Structure formats: C-alpha cells, structure tokens
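Colleague: Before anything else, here's the structure in question.
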Amino acid sequence: MWPVHPYWHKRYRHLSRYREIANVLARHGFGYILHQLGLGELLNLGRRLRVGKGAPVGEQPSPARRLRLVLEELGPTFIKLGQVLSTRADLLPPPYIAELEKLQDQVPPFPFSLVRQCLQAELGLPPEAVFEEFEEHPLAAASLGQVHRARLKDGTPVVVKVQRPEAEKLVATDMEILHDVARLVDRHSPWREVYHFEDFVGEFEKILRREMDFTVEGQNAETFRRHFAGDETVYIPAVYWNYTTRRVLTMEYLMGAKLSNPEALDRMGIRRDLLARRLSRALLRQILQHGFFHGDPHPGNLAALAGNRIAFLDFGVVGRLSEEQRETIGDLVLGIIRRNTAQVLGAIEDLGVIPPHVNRNALYQDVDALREKYYDIPLSEISLGEALRDIMGVAFKHRIRVPTQFTLLVKSLVVAEGVVAQLDPQLSMVEIARPLGSQLLLRRIGLQKVKRLLHEGLTAYGRLLGRLPRKVDRLLDLAASGGLIVKTVNPELGQVLSQLNAMVNRLVLSILLGSLIVGSSLLLGRGYNTLWGIPVLEGLLLAGGILSLALIFSILRSRRF
C-alpha cells in the first residue's frame with residue numbers, strides 16, 4: 001500500500017523506483033531508516049517482516065561498507081552522490097569517507113547502435129559522415145557516458161565522449177526522490193539545526209546537471225587552457241566545438257602516457273621527479289592563483305607528454321573559489337606552514353559557518369593540538385592533504401559547516417598528493433606551496449590590490465551617500481507619522497529576569513519568616529499559647545522552622561551565597 005504523505009502525491013509515476021530503492025536499503029540492513037521516516041510501506045511484505053531480524057552483527061559488514069554497496073547497486077545518480085559525499089568530511093566520520101572513496105564510476109559499455117543514434121541526433125549526421133574513423137569499442141565507460149577514439153575528416157585524431165541514452169531520465173527520477181527524502185530527513189534528523197540536507201541535495205543536483213552537460217565540460221577545458229597559456233610545463237587538450245553538444249564532447253587526442261601506466265612512462269623516458277613537481281605546482285596554482293581547479297586529479301585523469309609535460313584530462317568535476325575564499329585558504333596554508341594556531345583558527349572561522357553553541361575554547365584547543373602534532377615534523381615531511389583532512393575532522397567534531405568547494409579542494413589535494421608520492425616519494429607539496437603562499441601574500445598587499453580595494457570601497461560608499469538623503473527623508477516621514485518603532489532585544493534579559501524573580505521570592509519569604517518569628521515572640525511574651533484550644537505557638541514555630549530550612553536549602557542549591 002502506498003503511504004499517504006504530502007510529499008508523495010506527485011510521485012506515483014516513480015512508485016517502482018521508490019520501491020526498488022527501499023528494498024535495496026532493507027536488503028543491506030537499512031530498513032529501520034525507512035520506518036523512522038514513515039516509509040515502511042514501500043517495502044515488500046516479506047522485507048517488512050524481516051526488518052530488524054538481519055544476520056548477527058558479527059556476520060555483517062560495517063555500516064559504512066553497506067552504505068557503499070547500496071549506492072553502487074542503485075546506479076549512476078547514487079554513485080555520483082556517494083562520490084560527492086566522500087568529499088564531505090565535515091558531515092561524515094572518517095570510516096564512511098574512506099568507504100565512499102572506493103566507489104568506482106565504471107560500468108559495462110552500452111552498444112554501438114545506441115552511440116550511433118546519439119551522434120545522429122546530436123550532430124545531425126551519422127558517424128561515418130562526420131568522422132573518417134570511429135572506433136566502436138570504447139576506451140572507457142562510466143555511469144554517465146563513454147569515450148571512443150575517432151579521426152576527423154581532415155585526419156585530426158580526437159576522442160569523443162557520448163552520453164548514455166537513459167542517463168537524463170534516470171537522473172531526473174532519482175533527483176525527485178532525493179529531494180523528497182531530504183525533506184523527510186530534515187524533519188527527523190538531529191542535525192537539522194546545524195545542516196539542511198535539502199540544501200545539500202540542491203547543491204548535488206547542480207553539480208550533477210553541470211556534469212551531464214558536456215558543453216560545460218568543454219568550457220571548463222577552455223578555461224584551464226586559457227589559464228595555462230604560455231606555460232610549457234602544462235598542457236590542456238583543445239575542444240572541437242563544431243562536434244560538441246550537450247550530449248557529445250569532442251576533444252583533442254593526446255599521444256602520451258597515463259600516470260596510471262608506469263611502464264609507458266618508462267618507455268617515454270619521463271623524469272618522474274620533475275613530473276611530480278610540475279603536477280604539484282600546477283594544481284596549487286589552480287587553487288591559490290586561478291581559483292579554478294581540477295576536482296578529480298586521479299592517475300587516470302592525468303597524462304605525461306613528451307618533454308615531461310603534465311596534461312590534465314576530463315574536466316567534468318571542477319572547483320571554483322572566490323577571491324575571498326582563495327585568500328582564506330592561503331591564510332590556512334600559511335598558518336599550517338608557520339604552525340600558527342591563531343592564523344589557522346581565524347581561517348577556519350572565515351571559511352566555515354560556526355554554530356552559535358560551539359565551545360570556542362575547545363575549538364582552539366583542538367586546532368592547537370594539530371599544531372603540536374606537526375610542530376616537530378620537518379616541512380618536507382608534512383602532508384598538506386592530511387593536514388587539511390585533520391582540519392576537516394575538527395570541523396566535523398564541532399559541526400562547523402564548510403563550503404562544498406573547500407571540501408572538494410581537500411579531496412583534490414589528497415588525491416594529487418597520492419599521485420605525487422607515487423612519482424616522487426621525497427617531494428612535499430608543502431614545500432611547493434611555500435613560495436606560492438609568499439607570492440599570494442605579496443600580491444595581497446601589492447599596489448594593484450590596494451587600488452582595487454580603494455576603488456571598490458569608494459564605489460560602495462558613493463552608492464551609499466547617493467541613497468542616504470532618500471533614506472533619511474523616509475525615516476523622518478515614519479517618525480512624523482508615528483510609524484517608527486524601535487525594538488531592543490537583550491538575549492540575556494530572560495535569564496536576568498528569572499534570577500531577579502528568584503531573589504524577590506526569597507526576599508518575600510525572608511520577610512514572612514521574620515514576621516512569623518516576631519509574631520511568635522509577641523504571643524509568647526503575652527502568654528498566648530493556645531487559641532480556641534489549638535497550640536498556636538508550637539504550630540507557628542514549626543512552620544517557621546520548615547520555612548527556614550527551605551530558604552537555606554534554596555540558597556545552598558543556587559550556589560549564590
């Protein structure tokens with residue numbers, strides 16, 4: 001029976017996909033989550049009865065591994081989701097990050113008949129009319145598309161990336177489901193005060209939509225090509241726009257060796273130490289100078305060309321950093337290099353959204369502990385990626401919200417450091433970052449930066465002064481009409497009033513107690529021991545004793561004496 005829930009009214013057409021997802025979750029031991037979200041009715045009857053009756057704990061893989069298996073089984077959208085989550089060390093603990101990093105975006109290729117249909121629909125002509133040669137067997141196949149070698153009519157060797165025919169439809173369905181589930185998680189998650197998962201799904205959808213539009217990937221390649229124009233150590237393949245659409249991307253084919261193929265590197269006579277240094281410098285330039293960096297520099301997306309040049313491939317995943325973010329990351333890197341706790345903490349505060357309830361003393365102590373961890377280690381032995389990951393661990397511990405682009409940057413650096421270590425174990429990216437950080441600092445205090453800040457400041461103040469007379473006139477009109485209301489809010493006022501109320505209550509109790517004791521003394525002096533046969537004096541003394549004890553207990557309990 002389909003659950004009655006306001007989020008699901010428009011989702012009947014996706015019922016089979018909902019049930020498929022629900023049963024995959026239950027099969028891997030996550031059925032209890034569905035019941036917590038009120039979605040238990042999605043499960044088949046047999047699975048509903050078996051929820052909570054899985055295999056003994058000792059026979060089950062870890063929850064992190066089971067989550068990875070779920071995402072792999074659910075297909076392209078969820079594999080991409082896991083890959084994005086693998087960058088979010090501020091959201092997930094290390095065991096989950098380690099498992100999600102194992103997600104492989106490799107699937108069986110789809111038939112060449114479907115490739116032909118896509119090329120015909122996108123380019124308006126069959127492959128043989130556009131290309132001199134087109135290899136039917138793909139070089140690589142992934143969840144969103146596959147890559148073929150080809151040759152243009154003029155003999156130019158190219159690679160052609162073709163999107164899977166069912167990818168757009170499947171992604172559209174899965175994104176609707178993820179949005180609905182995210183709303184439910186935001187209702188039930190204990191983290192809803194800190195992080196909104198609907199916002200995360202919205203960010204993920206933007207990432208996935210950009211990755212599915214191959215013209216965006218082509219534009220990314222052109223941006224990298226422009227940034228490294230004139231740099232003889234880095235090469236970016238050209239895009240052939242006459243043969244590129246949203247679902248087809250045609251790029252220059254490079255005669256080189258993938259960094260994942262050490263034998264080919266040796267045959268080409270590549271100097272691995274020089275290649276490692278050039279890769280490190282290129283990636284750090286992208287981050288600290290350009291603010292536009294490769295988001296997935298694993299060995300399969302890098303190649304070595306003749307002359308020890310490094311080539312970047314596959315530009316579907318990129319990161320973008322504003323100038324302010326670049327400066328903050330520069331401060332963070334400089335703080336790590338200089339082992340300056342205050343500088344690192346300041347960069348974290350500038351970079352993340354720190355919740356109001358965070359214990360800043362504990363946060364400082366955790367950051368200072370990282371400084372002590374790296375204090376006795378020579379700079380040449382410090383791992384920049386590991387240091388940034390440690391900082392992400394601090395962010396996770398204190399529930400600091402970190403921008404998605406920074407988490408992607410951390411993953412990019414970690415992956416790149418692994419490649420660099422394979423090429424040259426003696427090279428440290430911190431040593432490469434040091435002169436770049438100094439250049440960044442000089443540029444920040446340089447004449448051009450001062451001119452820009454003055455220009456932006458004067459422009460902003462000029463706009464403010466231009467609007468000032470109109471705003472003052474409106475303010476005076478509101479005051480004259482009685483529409484001006486001034487509200488003052490003291491966040492500690494409630495606590496002050498509560499304490500004041502307790503003090504007044506004790507004062508009144510003390511006065512009553514004093515009156516009781518004085519009255520008892522007067523009665524005792526006049527010989528009034530009973531009233532209508534009732535022992536009044538003893539009763540008053542007993543009441544006074546009880547009130548005295550209550551007052552003393554209240555004062556001791558408040559610890560304010």
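Identifiers for the structure tokens are assigned positionally: chains receive A, B, ... in sequence, residues are indexed from 1 per chain, and ligands are indexed from 1 in the order shown.
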Which residues of stretch 294-397 of chain A sit at most 12 Å from stretch 246-270 of chain A, using only C-alpha atoms? Give each one's shortest atom pair and distance in Å (one decimal place), in chain and ascending residue order, as a tab-separated table.

Modeller:
residue	atom	partner	partner_atom	distance
A:Pro297	CA	A:Leu259	CA	10.4
A:His298	CA	A:Ser260	CA	8.5
A:Pro299	CA	A:Ser260	CA	4.9
A:Gly300	CA	A:Ser260	CA	5.8
A:Asn301	CA	A:Lys258	CA	7.6
A:Leu302	CA	A:Leu259	CA	5.9
A:Ala303	CA	A:Lys258	CA	4.2
A:Ala304	CA	A:Ala257	CA	5.2
A:Leu305	CA	A:Gly256	CA	4.7
A:Ala306	CA	A:Gly256	CA	7.1
A:Gly307	CA	A:Ile270	CA	7.7
A:Asn308	CA	A:Ile270	CA	5.7
A:Arg309	CA	A:Ile270	CA	9.0
A:Ile310	CA	A:Leu259	CA	9.3
A:Ala311	CA	A:Leu254	CA	8.6
A:Phe312	CA	A:Lys258	CA	10.1
A:Leu313	CA	A:Leu254	CA	9.6
A:Asp314	CA	A:Met251	CA	9.9
A:Phe315	CA	A:Leu249	CA	11.1
A:Gly316	CA	A:Leu249	CA	11.0

Colleague: Keeping only all heavy atoms, write those residues as a compact mmCIF listing (two decimals), in the first residue's frame.

Modeller:
# COMPACT_ATOMS: atom_id res chain seq x y z
N PRO A 297 41.88 14.84 -9.76
CA PRO A 297 43.17 14.58 -10.44
C PRO A 297 43.75 13.20 -10.12
O PRO A 297 44.90 13.10 -9.67
CB PRO A 297 44.05 15.71 -9.90
CG PRO A 297 43.54 15.95 -8.52
CD PRO A 297 42.06 15.69 -8.58
N HIS A 298 42.95 12.14 -10.33
CA HIS A 298 43.50 10.81 -10.10
C HIS A 298 44.34 10.40 -11.32
O HIS A 298 44.28 11.04 -12.37
CB HIS A 298 42.39 9.81 -9.79
CG HIS A 298 41.42 9.58 -10.92
ND1 HIS A 298 41.74 8.83 -12.03
CD2 HIS A 298 40.14 9.99 -11.12
CE1 HIS A 298 40.71 8.77 -12.85
NE2 HIS A 298 39.73 9.48 -12.33
N PRO A 299 45.14 9.33 -11.21
CA PRO A 299 46.08 8.99 -12.28
C PRO A 299 45.43 8.80 -13.65
O PRO A 299 46.05 9.12 -14.67
CB PRO A 299 46.70 7.67 -11.80
CG PRO A 299 46.60 7.73 -10.32
CD PRO A 299 45.32 8.46 -10.02
N GLY A 300 44.18 8.31 -13.69
CA GLY A 300 43.52 8.12 -14.98
C GLY A 300 43.15 9.42 -15.67
O GLY A 300 42.91 9.43 -16.88
N ASN A 301 43.10 10.53 -14.91
CA ASN A 301 42.76 11.83 -15.49
C ASN A 301 44.00 12.71 -15.71
O ASN A 301 43.87 13.91 -15.95
CB ASN A 301 41.79 12.59 -14.58
CG ASN A 301 40.38 12.02 -14.65
OD1 ASN A 301 40.04 11.33 -15.61
ND2 ASN A 301 39.59 12.27 -13.63
N LEU A 302 45.18 12.08 -15.64
CA LEU A 302 46.44 12.81 -15.86
C LEU A 302 47.28 12.02 -16.85
O LEU A 302 47.24 10.79 -16.89
CB LEU A 302 47.20 12.97 -14.54
CG LEU A 302 46.49 13.75 -13.43
CD1 LEU A 302 47.21 13.54 -12.10
CD2 LEU A 302 46.42 15.23 -13.77
N ALA A 303 48.05 12.74 -17.65
CA ALA A 303 48.91 12.08 -18.63
C ALA A 303 50.25 12.81 -18.70
O ALA A 303 50.35 13.99 -18.38
CB ALA A 303 48.25 12.07 -20.01
N ALA A 304 51.27 12.06 -19.07
CA ALA A 304 52.60 12.63 -19.28
C ALA A 304 52.85 12.72 -20.78
O ALA A 304 52.63 11.75 -21.52
CB ALA A 304 53.66 11.77 -18.61
N LEU A 305 53.30 13.89 -21.23
CA LEU A 305 53.61 14.11 -22.64
C LEU A 305 55.11 14.25 -22.81
O LEU A 305 55.86 14.41 -21.83
CB LEU A 305 52.89 15.36 -23.15
CG LEU A 305 51.38 15.42 -22.94
CD1 LEU A 305 50.83 16.72 -23.51
CD2 LEU A 305 50.67 14.22 -23.55
N ALA A 306 55.54 14.18 -24.05
CA ALA A 306 56.97 14.36 -24.34
C ALA A 306 57.45 15.69 -23.76
O ALA A 306 56.73 16.69 -23.77
CB ALA A 306 57.19 14.33 -25.85
N GLY A 307 58.70 15.69 -23.28
CA GLY A 307 59.23 16.90 -22.66
C GLY A 307 58.84 17.03 -21.20
O GLY A 307 58.93 18.12 -20.64
N ASN A 308 58.38 15.94 -20.59
CA ASN A 308 57.98 15.92 -19.17
C ASN A 308 56.87 16.92 -18.87
O ASN A 308 56.81 17.50 -17.79
CB ASN A 308 59.20 16.22 -18.28
CG ASN A 308 60.29 15.17 -18.39
OD1 ASN A 308 60.07 14.00 -18.09
ND2 ASN A 308 61.45 15.59 -18.89
N ARG A 309 55.98 17.09 -19.83
CA ARG A 309 54.82 17.97 -19.60
C ARG A 309 53.70 17.16 -18.95
O ARG A 309 53.51 15.99 -19.25
CB ARG A 309 54.33 18.58 -20.91
CG ARG A 309 55.27 19.63 -21.50
CD ARG A 309 54.67 20.25 -22.75
NE ARG A 309 54.47 19.26 -23.80
CZ ARG A 309 53.80 19.50 -24.93
NH1 ARG A 309 53.27 20.70 -25.15
NH2 ARG A 309 53.68 18.56 -25.84
N ILE A 310 52.96 17.84 -18.10
CA ILE A 310 51.82 17.20 -17.45
C ILE A 310 50.55 17.65 -18.16
O ILE A 310 50.36 18.84 -18.44
CB ILE A 310 51.77 17.55 -15.94
CG1 ILE A 310 50.67 16.78 -15.23
CG2 ILE A 310 51.60 19.04 -15.71
CD1 ILE A 310 50.95 15.34 -15.01
N ALA A 311 49.67 16.71 -18.46
CA ALA A 311 48.41 17.01 -19.15
C ALA A 311 47.25 16.64 -18.25
O ALA A 311 47.23 15.55 -17.65
CB ALA A 311 48.31 16.26 -20.47
N PHE A 312 46.29 17.54 -18.14
CA PHE A 312 45.05 17.28 -17.38
C PHE A 312 43.97 16.83 -18.35
O PHE A 312 43.83 17.40 -19.45
CB PHE A 312 44.60 18.54 -16.63
CG PHE A 312 45.44 18.87 -15.44
CD1 PHE A 312 46.60 19.62 -15.59
CD2 PHE A 312 45.10 18.45 -14.17
CE1 PHE A 312 47.40 19.93 -14.50
CE2 PHE A 312 45.89 18.76 -13.06
CZ PHE A 312 47.03 19.50 -13.24
N LEU A 313 43.19 15.81 -17.95
CA LEU A 313 42.11 15.27 -18.77
C LEU A 313 40.82 15.25 -17.97
O LEU A 313 40.85 15.29 -16.74
CB LEU A 313 42.45 13.85 -19.24
CG LEU A 313 43.85 13.64 -19.85
CD1 LEU A 313 44.09 12.15 -20.07
CD2 LEU A 313 43.99 14.40 -21.15
N ASP A 314 39.69 15.18 -18.66
CA ASP A 314 38.37 15.01 -18.04
C ASP A 314 38.07 16.16 -17.09
O ASP A 314 38.47 16.17 -15.92
CB ASP A 314 38.27 13.69 -17.30
CG ASP A 314 36.82 13.33 -16.95
OD1 ASP A 314 35.98 14.26 -16.92
OD2 ASP A 314 36.52 12.15 -16.74
N PHE A 315 37.30 17.12 -17.57
CA PHE A 315 37.03 18.35 -16.83
C PHE A 315 35.58 18.45 -16.37
O PHE A 315 35.03 19.53 -16.25
CB PHE A 315 37.41 19.56 -17.69
CG PHE A 315 38.82 19.48 -18.22
CD1 PHE A 315 39.08 18.95 -19.47
CD2 PHE A 315 39.87 19.89 -17.43
CE1 PHE A 315 40.38 18.85 -19.94
CE2 PHE A 315 41.18 19.80 -17.89
CZ PHE A 315 41.44 19.28 -19.15
N GLY A 316 34.97 17.29 -16.11
CA GLY A 316 33.58 17.28 -15.66
C GLY A 316 33.43 17.77 -14.23
O GLY A 316 32.41 18.36 -13.87

Colleague: Taking the backbone alone, and naming residues the way the document does, which bits of stretch 136-358 of chain A are strand (DSSP E or B) by DSSP, as a count of residues only?

Modeller: 42

Colleague: For a test of reading the model, state the distance in Å between atom CA of A:Pro93 and atom CA of A:Asp376, rounded to one decimal.

Modeller: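 Interatomic distance, atom CA of A:Pro93 to atom CA of A:Asp376: 27.2 Å.
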
Colleague: Which residues come within 12 Å of A:Gln83, counting only C-alpha atoms, excluding same-chain residues fewer than 6 positions away, as a PyMOL selection string?

Modeller: chain A and resi 68+71-72+76-77+89+96-105+204+207-208+295-296+317+407-408+411

Colleague: List every residue of stretch 116-351 of chain A that DSSP, applied to the backbone, labels as alpha helix (DSSP H), and write the result as a PyMOL selection string.

Modeller: chain A and resi 116-123+127-130+167-188+197-212+214-227+262-267+272-285+323-338+341-351

Colleague: Mind dumping a table of every stretch 55-130 of chain A residue within 12 Å of stretch 195-200 of chain A, with the nearest atom pair and its distance in Å to one decimal, using only C-alpha atoms, sorted by chain and rising number, as a tab-separated table?

Modeller:
residue	atom	partner	partner_atom	distance
A:Leu81	CA	A:Phe200	CA	10.3
A:Val84	CA	A:Phe200	CA	10.0
A:Leu85	CA	A:Phe200	CA	9.7
A:Arg88	CA	A:Phe200	CA	10.4
A:Asp90	CA	A:Tyr195	CA	10.5
A:Leu91	CA	A:Tyr195	CA	8.8

Colleague: Give me the residues within 9 Å of A:Phe214 as a list in words, counting only C-alpha atoms and dropping any in the same chain fewer than 2 places off.

Modeller: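 In the requested form, the answer reads Lys161, Val162, Gln163, Arg210, Glu211, Met212, Val216, Glu217, Gly218, Gln219, Thr244, Thr245, Arg246, Arg247, Val248, Leu249 and Gly316 of chain A.
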